[in-house]
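Here is my_file17.cif, consisting of mmCIF, C-alpha atoms and all ligand atoms; chains and numbers go by the auth columns:
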```cif
data_run
loop_
_atom_site.group_PDB
_atom_site.id
_atom_site.type_symbol
_atom_site.label_atom_id
_atom_site.label_comp_id
_atom_site.label_asym_id
_atom_site.label_seq_id
_atom_site.Cartn_x
_atom_site.Cartn_y
_atom_site.Cartn_z
_atom_site.B_iso_or_equiv
_atom_site.auth_seq_id
_atom_site.auth_asym_id
ATOM 1 C CA MET A 1 22.164 1.118 7.290 0.00 3 A
ATOM 2 C CA ARG A 2 19.547 -0.832 5.344 0.00 4 A
ATOM 3 C CA LEU A 3 18.227 0.118 1.916 0.00 5 A
ATOM 4 C CA PHE A 4 15.137 2.145 2.775 0.00 6 A
ATOM 5 C CA GLU A 5 16.849 3.797 5.711 0.00 7 A
ATOM 6 C CA ALA A 6 19.552 4.917 3.301 0.00 8 A
ATOM 7 C CA ILE A 7 16.897 5.974 0.772 0.00 9 A
ATOM 8 C CA VAL A 8 15.007 8.143 3.247 0.00 10 A
ATOM 9 C CA GLU A 9 18.165 9.692 4.623 0.00 11 A
ATOM 10 C CA ALA A 10 19.544 10.503 1.173 0.00 12 A
ATOM 11 C CA ASN A 11 16.159 11.822 0.040 0.00 13 A
ATOM 12 C CA GLN A 12 15.879 14.174 2.975 0.00 14 A
ATOM 13 C CA ARG A 13 19.423 15.434 2.422 0.00 15 A
ATOM 14 C CA ALA A 14 18.660 15.983 -1.259 0.00 16 A
ATOM 15 C CA VAL A 15 15.486 17.906 -0.434 0.00 17 A
ATOM 16 C CA LYS A 16 17.571 20.174 1.789 0.00 18 A
ATOM 17 C CA GLY A 17 19.800 20.959 -1.167 0.00 19 A
ATOM 18 C CA ASP A 18 22.626 18.448 -0.945 0.00 20 A
ATOM 19 C CA ALA A 19 23.288 17.858 -4.643 0.00 21 A
ATOM 20 C CA ARG A 20 25.540 14.891 -3.849 0.00 22 A
ATOM 21 C CA ALA A 21 22.976 13.013 -1.765 0.00 23 A
ATOM 22 C CA GLY A 22 22.145 9.561 -3.083 0.00 24 A
ATOM 23 C CA ILE A 23 22.513 5.884 -2.409 0.00 25 A
ATOM 24 C CA HIS A 24 25.234 3.630 -3.730 0.00 26 A
ATOM 25 C CA VAL A 25 23.114 1.076 -5.511 0.00 27 A
ATOM 26 C CA SER A 26 25.897 -1.509 -5.573 0.00 28 A
ATOM 27 C CA GLU A 27 25.904 -1.644 -1.770 0.00 29 A
ATOM 28 C CA PHE A 28 22.273 -2.749 -1.753 0.00 30 A
ATOM 29 C CA ALA A 29 22.249 -5.320 -4.541 0.00 31 A
ATOM 30 C CA ASP A 30 20.687 -7.885 -2.198 0.00 32 A
ATOM 31 C CA SER A 31 17.733 -5.578 -1.489 0.00 33 A
ATOM 32 C CA LEU A 32 16.898 -4.803 -5.112 0.00 34 A
ATOM 33 C CA PRO A 33 14.675 -4.602 -7.009 0.00 35 A
ATOM 34 C CA VAL A 34 12.133 -2.880 -4.815 0.00 36 A
ATOM 35 C CA VAL A 35 8.383 -3.157 -5.294 0.00 37 A
ATOM 36 C CA ALA A 36 6.360 0.013 -4.765 0.00 38 A
ATOM 37 C CA LEU A 37 2.630 0.614 -4.631 0.00 39 A
ATOM 38 C CA THR A 38 1.622 4.221 -5.215 0.00 40 A
ATOM 39 C CA CYS A 39 -1.467 6.168 -6.161 0.00 41 A
ATOM 40 C CA ILE A 40 -2.387 6.830 -9.801 0.00 42 A
ATOM 41 C CA ASP A 41 -1.918 10.575 -9.308 0.00 43 A
ATOM 42 C CA PRO A 42 -0.024 11.835 -12.406 0.00 44 A
ATOM 43 C CA ARG A 43 2.072 14.148 -10.243 0.00 45 A
ATOM 44 C CA LEU A 44 3.918 11.010 -9.164 0.00 46 A
ATOM 45 C CA ASN A 45 4.978 10.234 -12.738 0.00 47 A
ATOM 46 C CA LYS A 46 8.011 12.445 -12.594 0.00 48 A
ATOM 47 C CA LEU A 47 8.812 11.725 -8.939 0.00 49 A
ATOM 48 C CA MET A 48 9.259 7.971 -9.166 0.00 50 A
ATOM 49 C CA PRO A 49 11.677 6.357 -8.866 0.00 51 A
ATOM 50 C CA GLY A 50 13.898 9.436 -8.647 0.00 52 A
ATOM 51 C CA VAL A 51 12.904 10.370 -5.107 0.00 53 A
ATOM 52 C CA LEU A 52 14.001 6.897 -4.015 0.00 54 A
ATOM 53 C CA GLY A 53 17.303 7.130 -5.844 0.00 55 A
ATOM 54 C CA VAL A 54 17.006 3.623 -7.282 0.00 56 A
ATOM 55 C CA PRO A 55 17.431 3.015 -11.016 0.00 57 A
ATOM 56 C CA GLU A 56 14.313 2.440 -13.102 0.00 58 A
ATOM 57 C CA GLU A 57 15.266 -1.147 -13.865 0.00 59 A
ATOM 58 C CA GLN A 58 15.308 -1.885 -10.120 0.00 60 A
ATOM 59 C CA PHE A 59 11.894 -0.327 -9.535 0.00 61 A
ATOM 60 C CA ILE A 60 8.757 -2.455 -9.889 0.00 62 A
ATOM 61 C CA TRP A 61 5.845 -0.029 -9.846 0.00 63 A
ATOM 62 C CA LEU A 62 2.258 -0.934 -9.010 0.00 64 A
ATOM 63 C CA ARG A 63 -0.391 1.763 -8.923 0.00 65 A
ATOM 64 C CA ASN A 64 -4.029 2.059 -7.993 0.00 66 A
ATOM 65 C CA ALA A 65 -6.351 4.892 -7.038 0.00 67 A
ATOM 66 C CA GLY A 66 -5.326 5.893 -3.525 0.00 68 A
ATOM 67 C CA ASN A 67 -2.648 3.178 -3.071 0.00 69 A
ATOM 68 C CA ILE A 68 -5.367 1.192 -1.336 0.00 70 A
ATOM 69 C CA ILE A 69 -5.101 -2.400 -0.182 0.00 71 A
ATOM 70 C CA THR A 70 -8.513 -3.793 0.700 0.00 72 A
ATOM 71 C CA SER A 71 -7.438 -7.171 2.083 0.00 73 A
ATOM 72 C CA SER A 72 -4.471 -9.456 2.569 0.00 74 A
ATOM 73 C CA LEU A 73 -5.645 -11.505 -0.412 0.00 75 A
ATOM 74 C CA SER A 74 -6.849 -8.671 -2.665 0.00 76 A
ATOM 75 C CA SER A 75 -5.799 -8.490 -6.296 0.00 77 A
ATOM 76 C CA THR A 76 -3.265 -5.775 -5.499 0.00 78 A
ATOM 77 C CA THR A 77 -1.788 -7.913 -2.725 0.00 79 A
ATOM 78 C CA ARG A 78 -1.576 -10.781 -5.183 0.00 80 A
ATOM 79 C CA SER A 79 0.290 -8.573 -7.635 0.00 81 A
ATOM 80 C CA LEU A 80 2.712 -7.552 -4.902 0.00 82 A
ATOM 81 C CA ALA A 81 3.235 -11.225 -4.119 0.00 83 A
ATOM 82 C CA LEU A 82 3.914 -12.019 -7.774 0.00 84 A
ATOM 83 C CA ALA A 83 6.229 -9.027 -8.049 0.00 85 A
ATOM 84 C CA CYS A 84 8.361 -10.755 -5.418 0.00 86 A
ATOM 85 C CA ALA A 85 7.896 -14.346 -6.589 0.00 87 A
ATOM 86 C CA VAL A 86 8.141 -13.774 -10.347 0.00 88 A
ATOM 87 C CA LYS A 87 10.115 -10.562 -10.720 0.00 89 A
ATOM 88 C CA GLY A 88 12.415 -10.995 -7.759 0.00 90 A
ATOM 89 C CA GLY A 89 11.242 -8.024 -5.687 0.00 91 A
ATOM 90 C CA LYS A 90 13.127 -7.993 -2.382 0.00 92 A
ATOM 91 C CA GLU A 91 11.394 -5.242 -0.424 0.00 93 A
ATOM 92 C CA ILE A 92 7.901 -3.748 -0.648 0.00 94 A
ATOM 93 C CA ALA A 93 7.014 -0.110 -0.040 0.00 95 A
ATOM 94 C CA ILE A 94 3.496 1.310 0.154 0.00 96 A
ATOM 95 C CA ILE A 95 4.013 4.963 -0.722 0.00 97 A
ATOM 96 C CA GLY A 96 1.144 7.332 -0.054 0.00 98 A
ATOM 97 C CA HIS A 97 1.307 10.960 -1.065 0.00 99 A
ATOM 98 C CA SER A 98 0.256 14.373 0.137 0.00 100 A
ATOM 99 C CA ASP A 99 -2.834 16.098 -1.249 0.00 101 A
ATOM 100 C CA CYS A 100 -4.422 12.837 -2.434 0.00 102 A
ATOM 101 C CA LYS A 101 -7.635 13.477 -4.356 0.00 103 A
ATOM 102 C CA VAL A 102 -9.013 10.080 -3.408 0.00 104 A
ATOM 103 C CA ARG A 103 -8.956 11.193 0.227 0.00 105 A
ATOM 104 C CA GLN A 104 -10.360 14.600 -0.574 0.00 106 A
ATOM 105 C CA THR A 105 -13.353 13.409 -2.563 0.00 107 A
ATOM 106 C CA SER A 106 -16.338 12.894 -0.287 0.00 108 A
ATOM 107 C CA VAL A 107 -18.790 10.081 -0.835 0.00 109 A
ATOM 108 C CA GLY A 108 -21.415 12.589 -1.959 0.00 110 A
ATOM 109 C CA GLU A 109 -19.036 14.121 -4.507 0.00 111 A
ATOM 110 C CA MET A 110 -18.084 10.691 -5.730 0.00 112 A
ATOM 111 C CA VAL A 111 -21.722 9.760 -6.283 0.00 113 A
ATOM 112 C CA ASP A 112 -22.181 13.007 -8.244 0.00 114 A
ATOM 113 C CA ARG A 113 -19.095 12.293 -10.365 0.00 115 A
ATOM 114 C CA PHE A 114 -20.255 8.777 -11.144 0.00 116 A
ATOM 115 C CA ARG A 115 -23.708 10.106 -12.039 0.00 117 A
ATOM 116 C CA ALA A 116 -22.119 12.612 -14.410 0.00 118 A
ATOM 117 C CA LEU A 117 -20.436 9.646 -16.089 0.00 119 A
ATOM 118 C CA GLY A 118 -23.761 7.878 -16.471 0.00 120 A
ATOM 119 C CA VAL A 119 -23.341 5.559 -13.491 0.00 121 A
ATOM 120 C CA GLU A 120 -26.422 5.989 -11.332 0.00 122 A
ATOM 121 C CA ARG A 121 -26.295 5.538 -7.567 0.00 123 A
ATOM 122 C CA ALA A 122 -28.362 2.361 -7.755 0.00 124 A
ATOM 123 C CA ARG A 123 -25.646 0.672 -9.802 0.00 125 A
ATOM 124 C CA LEU A 124 -23.023 1.288 -7.130 0.00 126 A
ATOM 125 C CA PRO A 125 -22.583 -0.829 -3.995 0.00 127 A
ATOM 126 C CA ASP A 126 -24.318 0.401 -0.840 0.00 128 A
ATOM 127 C CA ASN A 127 -21.179 1.122 1.146 0.00 129 A
ATOM 128 C CA LEU A 128 -18.841 3.019 -1.130 0.00 130 A
ATOM 129 C CA VAL A 129 -16.341 3.691 1.645 0.00 131 A
ATOM 130 C CA GLU A 130 -15.803 0.005 2.234 0.00 132 A
ATOM 131 C CA TYR A 131 -16.074 -0.980 -1.412 0.00 133 A
ATOM 132 C CA PHE A 132 -13.451 1.435 -2.693 0.00 134 A
ATOM 133 C CA GLY A 133 -11.418 1.432 0.529 0.00 135 A
ATOM 134 C CA LEU A 134 -11.848 5.190 0.906 0.00 136 A
ATOM 135 C CA PHE A 135 -9.853 6.781 3.683 0.00 137 A
ATOM 136 C CA ALA A 136 -9.747 9.867 5.848 0.00 138 A
ATOM 137 C CA SER A 137 -5.992 10.126 6.298 0.00 139 A
ATOM 138 C CA GLU A 138 -3.177 9.338 3.885 0.00 140 A
ATOM 139 C CA ARG A 139 -1.062 8.172 6.808 0.00 141 A
ATOM 140 C CA GLN A 140 -3.703 5.826 8.219 0.00 142 A
ATOM 141 C CA ASN A 141 -4.304 4.469 4.732 0.00 143 A
ATOM 142 C CA VAL A 142 -0.625 3.559 4.392 0.00 144 A
ATOM 143 C CA ILE A 143 -0.579 1.930 7.838 0.00 145 A
ATOM 144 C CA LYS A 144 -3.645 -0.124 6.973 0.00 146 A
ATOM 145 C CA ALA A 145 -2.164 -1.196 3.633 0.00 147 A
ATOM 146 C CA VAL A 146 1.120 -2.219 5.256 0.00 148 A
ATOM 147 C CA ASP A 147 -0.744 -4.270 7.857 0.00 149 A
ATOM 148 C CA PHE A 148 -2.724 -6.105 5.186 0.00 150 A
ATOM 149 C CA VAL A 149 0.395 -6.860 3.145 0.00 151 A
ATOM 150 C CA ARG A 150 2.518 -7.770 6.165 0.00 152 A
ATOM 151 C CA SER A 151 -0.108 -10.227 7.367 0.00 153 A
ATOM 152 C CA SER A 152 -0.736 -11.715 3.933 0.00 154 A
ATOM 153 C CA PRO A 153 0.032 -15.427 3.660 0.00 155 A
ATOM 154 C CA LEU A 154 1.240 -14.672 0.113 0.00 156 A
ATOM 155 C CA ILE A 155 4.091 -12.426 1.209 0.00 157 A
ATOM 156 C CA GLY A 156 7.285 -14.030 2.470 0.00 158 A
ATOM 157 C CA SER A 157 8.045 -13.327 6.103 0.00 159 A
ATOM 158 C CA LYS A 158 11.550 -12.120 5.236 0.00 160 A
ATOM 159 C CA VAL A 159 10.308 -9.472 2.796 0.00 161 A
ATOM 160 C CA PRO A 160 10.287 -6.074 4.536 0.00 162 A
ATOM 161 C CA VAL A 161 7.036 -4.154 4.005 0.00 163 A
ATOM 162 C CA HIS A 162 7.505 -0.429 4.468 0.00 164 A
ATOM 163 C CA GLY A 163 5.110 2.486 4.609 0.00 165 A
ATOM 164 C CA LEU A 164 6.136 5.930 3.381 0.00 166 A
ATOM 165 C CA LEU A 165 4.599 9.228 2.412 0.00 167 A
ATOM 166 C CA VAL A 166 5.919 11.434 -0.355 0.00 168 A
ATOM 167 C CA ASP A 167 5.245 15.145 -0.627 0.00 169 A
ATOM 168 C CA THR A 168 4.092 15.741 -4.191 0.00 170 A
ATOM 169 C CA ALA A 169 5.347 19.324 -4.094 0.00 171 A
ATOM 170 C CA THR A 170 8.862 18.733 -2.790 0.00 172 A
ATOM 171 C CA GLY A 171 9.472 15.012 -3.317 0.00 173 A
ATOM 172 C CA LYS A 172 10.356 14.642 0.348 0.00 174 A
ATOM 173 C CA LEU A 173 9.916 11.137 1.738 0.00 175 A
ATOM 174 C CA GLU A 174 8.737 10.458 5.250 0.00 176 A
ATOM 175 C CA TRP A 175 8.630 7.231 7.201 0.00 177 A
ATOM 176 C CA VAL A 176 5.258 5.876 8.254 0.00 178 A
ATOM 177 C CA VAL A 177 6.144 2.234 8.939 0.00 179 A
ATOM 178 C CA ASN A 178 9.712 0.967 9.077 0.00 180 A
ATOM 179 C CA GLY A 179 9.306 -2.567 7.786 0.00 181 A
ATOM 180 C CA TYR A 180 12.671 -3.693 9.161 0.00 182 A
ATOM 181 C CA GLN A 181 11.388 -3.214 12.685 0.00 183 A
ATOM 182 C CA ALA A 182 8.466 -5.566 12.047 0.00 184 A
ATOM 183 C CA LEU A 183 10.943 -8.199 10.799 0.00 185 A
ATOM 184 C CA ALA A 184 12.892 -7.936 14.027 0.00 186 A
ATOM 185 C CA ALA A 185 9.774 -8.450 16.149 0.00 187 A
ATOM 186 C CA PRO A 186 8.923 -11.928 17.453 0.00 188 A
ATOM 187 C CA ALA A 187 6.961 -14.139 15.118 0.00 189 A
ATOM 188 C CA THR A 188 3.797 -13.911 17.212 0.00 190 A
ATOM 189 C CA ALA A 189 1.279 -11.225 16.347 0.00 191 A
ATOM 190 C CA GLN A 190 2.697 -7.894 17.370 0.00 192 A
ATOM 191 C CA PRO A 191 1.658 -4.326 16.805 0.00 193 A
ATOM 192 C CA SER A 192 3.281 -2.930 13.701 0.00 194 A
ATOM 193 C CA ALA A 193 6.507 -1.060 14.175 0.00 195 A
ATOM 194 C CA HIS A 194 4.977 2.297 13.453 0.00 196 A
ATOM 195 C CA VAL A 195 7.344 5.173 13.447 0.00 197 A
ATOM 196 C CA ASN A 196 6.058 7.956 15.624 0.00 198 A
ATOM 197 C CA VAL A 197 6.014 11.027 13.484 0.00 199 A
ATOM 198 C CA ASP A 198 3.912 14.116 13.409 0.00 200 A
ATOM 199 C CA GLY A 199 0.473 13.657 12.020 0.00 201 A
ATOM 200 C CA PRO A 200 -2.945 12.473 13.003 0.00 202 A
ATOM 201 C CA LYS A 201 -2.806 10.001 15.854 0.00 203 A
ATOM 202 C CA LEU A 202 -4.444 6.630 15.613 0.00 204 A
ATOM 203 C CA THR A 203 -7.136 7.602 18.066 0.00 205 A
ATOM 204 C CA LYS A 204 -8.125 10.845 16.366 0.00 206 A
ATOM 205 C CA PRO A 205 -8.509 10.374 12.665 0.00 207 A
ATOM 206 C CA THR A 206 -9.918 13.178 10.618 0.00 208 A
ATOM 207 C CA GLN A 207 -13.317 12.239 9.318 0.00 209 A
ATOM 208 C CA VAL A 208 -14.245 11.953 5.700 0.00 210 A
ATOM 209 C CA SER A 209 -17.447 13.693 4.879 0.00 211 A
ATOM 210 C CA ALA A 210 -20.348 11.498 3.984 0.00 212 A
ATOM 211 C CA SER A 211 -23.732 12.192 2.648 0.00 213 A
ATOM 212 C CA GLU A 212 -26.854 10.291 1.781 0.00 214 A
ATOM 213 C CA GLY A 213 -26.722 8.721 5.196 0.00 215 A
ATOM 214 C CA GLU A 214 -23.691 6.659 4.212 0.00 216 A
ATOM 215 C CA GLU A 215 -21.608 5.400 7.031 0.00 217 A
ATOM 216 C CA LEU A 216 -18.245 6.861 7.801 0.00 218 A
ATOM 217 C CA PRO A 217 -15.405 4.386 8.058 0.00 219 A
ATOM 218 C CA PRO A 218 -15.164 2.863 11.515 0.00 220 A
ATOM 219 C CA PRO A 219 -12.547 4.394 13.791 0.00 221 A
ATOM 220 C CA PRO A 220 -9.174 2.724 13.372 0.00 222 A
ATOM 221 C CA LYS A 221 -8.607 -0.198 15.663 0.00 223 A
ATOM 222 C CA PRO A 222 -5.305 -0.720 17.446 0.00 224 A
ATOM 223 C CA GLN A 223 -2.860 -1.845 14.812 0.00 225 A
ATOM 224 C CA ILE A 224 -2.584 -5.530 15.613 0.00 226 A
ATOM 225 C CA ILE A 225 -1.456 -7.752 12.809 0.00 227 A
ATOM 226 C CA PRO A 226 -4.120 -10.419 12.515 0.00 228 A
ATOM 227 C CA ALA A 227 -3.179 -14.012 11.999 0.00 229 A
ATOM 228 C CA PRO A 228 -2.902 -14.716 8.297 0.00 230 A
ATOM 229 C CA PRO A 229 -6.216 -15.900 6.926 0.00 231 A
ATOM 230 C CA PRO A 230 -6.088 -19.461 5.729 0.00 232 A
ATOM 231 C CA LEU A 231 -5.615 -19.965 2.061 0.00 233 A
ATOM 232 C CA LEU A 232 -8.440 -21.587 0.241 0.00 234 A
ATOM 233 C CA PRO A 233 -8.451 -25.299 0.951 0.00 235 A
ATOM 234 C CA LYS A 234 -7.209 -27.455 -1.827 0.00 236 A
ATOM 235 C CA ARG A 235 -10.125 -29.089 -3.492 0.00 237 A
ATOM 236 C CA PRO A 236 -9.756 -32.691 -4.551 0.00 238 A
ATOM 237 C CA MET A 237 -9.766 -33.123 -8.276 0.00 239 A
ATOM 238 C CA PRO A 238 -13.252 -34.117 -9.378 0.00 240 A
ATOM 239 C CA THR A 239 -13.499 -37.708 -10.416 0.00 241 A
ATOM 240 C CA ARG A 240 -14.002 -37.792 -14.128 0.00 242 A
ATOM 241 C CA THR A 241 -16.941 -39.751 -15.306 0.00 243 A
ATOM 242 C CA ARG A 242 -16.940 -41.183 -18.769 0.00 244 A
ATOM 243 C CA ALA A 243 -18.908 -39.404 -21.398 0.00 245 A
ATOM 244 C CA PRO A 244 -21.550 -41.503 -23.140 0.00 246 A
ATOM 245 C CA TRP A 245 -19.482 -41.751 -26.308 0.00 247 A
ATOM 246 C CA GLU A 246 -16.537 -43.155 -24.348 0.00 248 A
ATOM 247 C CA ARG A 247 -18.498 -46.051 -22.927 0.00 249 A
HETATM 248 ZN ZN ZN B . -3.671 9.969 -4.649 0.00 1 B
#
```
Would you mind writing the file's structure down as structure tokens?
Amino acid sequence: MRLFEAIVEANQRAVKGDARAGIHVSEFADSLPVVALTCIDPRLNKLMPGVLGVPEEQFIWLRNAGNIITSSLSSTTRSLALACAVKGGKEIAIIGHSDCKVRQTSVGEMVDRFRALGVERARLPDNLVEYFGLFASERQNVIKAVDFVRSSPLIGSKVPVHGLLVDTATGKLEWVVNGYQALAAPATAQPSAHVNVDGPKLTKPTQVSASEGEELPPPPKPQIIPAPPPLLPKRPMPTRTRAPWER
């Protein structure tokens, strides 16, 4: 059994009341530390990394509002890449959570909240859904984030990228994307190895409410991992011309 499979199994046994459930960290030394992206929700403060059963020193924790990844080269993706390259992270987990306020806040409510903070609508981008990466389903949001990270040219192909959901009330973990399955797939673009679990299906997402005529997010497309976007081309160093005082 691989690390996150052991983590999820032990977590679910613990939630059912097995006081002895846990992972033997020494058996998974090659898979640690793990890198996790979660939401900023303070309810997660006391859950992580305990629900995973990994020690704090083996847990590299990135957080943003809604555990949102907006692109395979976004700043959060870059931090995940550095967490692996600089801090030795071996596996990445995008961990969404139940009852996420980022999902529950409609565009209209968000505009009102910004206005109450002195940020008028005109100062915000036109499409807030796209700009903030707002989402209608915690599960779909995790799948989208995993796809962006998995397809990022900055993330090593041997680094598993998992998707999980955690219940903020019980601490129960649930698979969304088993990243080991994607590693086992052929190198050509393949659909992500999504675990079929209960929840909204890809074709029937719940809709976020919008107001002010703002567009709802487009319906999810089939989860095909796009080819990694090319990195920025290396620019030749500019030829240095002599300053007048050097002539
Ligand atoms: Zn949240």
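In this comparison, which uses only C-alpha atoms and all ligand atoms, the residue of A:Phe137, A:Phe30, A:Trp177, A:Tyr182 approaching ligand ZN 1 (chain B) most closely is A:Phe137.
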- Task: Considering all atoms listed in the file, state which residue in the set A:Arg141, A:Arg15, A:Arg80, A:Lys92 is at the smallest distance from Gly68 of chain A.
- Result: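 Of the candidates, the smallest distance to Gly68 of chain A is held by A:Arg141.
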- Would you name the residues within 12 Å of ligand ZN 1 (chain B), counting all atoms listed in the file, and put them as a ChimeraX atom specification? /A:39-47,65-70,97-107,136-137,139-141,143-144,167-170
- Item | Pick from A:Ser76, A:Met50, A:Pro155, A:Val36, whichever lies nearest to Ile62 of chain A using only C-alpha atoms |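 Selected residue with least distance to Ile62 of chain A: A:Val36.
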- Task: To verify the selection step, state as a list in words which residues the PyMOL selection byres (((chain A and resi 146-154) around 7) and not hetatm) yields on this input.
- Result: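 Applying the expression gives Ile70, Ile71, Ser73, Ser74, Leu75, Thr79, Ile96, Gln142, Asn143, Val144, Ile145, Pro155, Leu156, Ile157, Val163, His164, Gly165, Ile227, Pro228, Ala229 and Pro230 of chain A.
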- Message: Just to confirm, what's the straight-line distance from atom CA of Ala38 of chain A to atom CA of Cys86 of chain A in Å (one decimal)?
- Response: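 So the two atoms, atom CA of Ala38 of chain A and atom CA of Cys86 of chain A, lie 11.0 Å apart.
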- Message: Measuring between only C-alpha atoms, which one of A:Lys18, A:Arg117, A:Lys160, A:Lys89 shows the shortest distance to Ala184 of chain A?
- Response: A:Lys160
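If you look at atom CA of Pro162 of chain A and atom CA of Ala23 of chain A, they are 23.8 Å away from each other.
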- Message: Just to confirm, what's the straight-line distance from atom CA of Gly135 of chain A to atom CA of Leu49 of chain A in Å (one decimal)?
- Response: 24.6 Å
- Can you turn the PyMOL selection byres (((chain A and resi 11) around 12) and not hetatm) into a concrete residue list for this file, as a PyMOL selection string? chain A and resi 3-10+12-18+20+23-25+53-55+174-177
- So which one's closest to Ala95 of chain A, A:Gly173, A:Gly181, A:Gly52, A:Gly158? Using only C-alpha atoms, please.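 Result for the nearest residue to Ala95 of chain A: A:Gly181.
Closest to Val109 of chain A among A:Thr78, A:Ala138, A:Glu93, A:Gln60 is A:Ala138, based on only C-alpha atoms.
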Would you place a box with edges along x, y and z of the file around all atoms of segment 33-49 of chain A listed there, add 4 Å to each of its six sides, and report the centre and edge lengths in Å to one decimal, as lines of an AutoDock Vina configuration file?
```
center_x = 7.7
center_y = 4.3
center_z = -7.1
size_x = 28.1
size_y = 27.7
size_z = 19.2
```
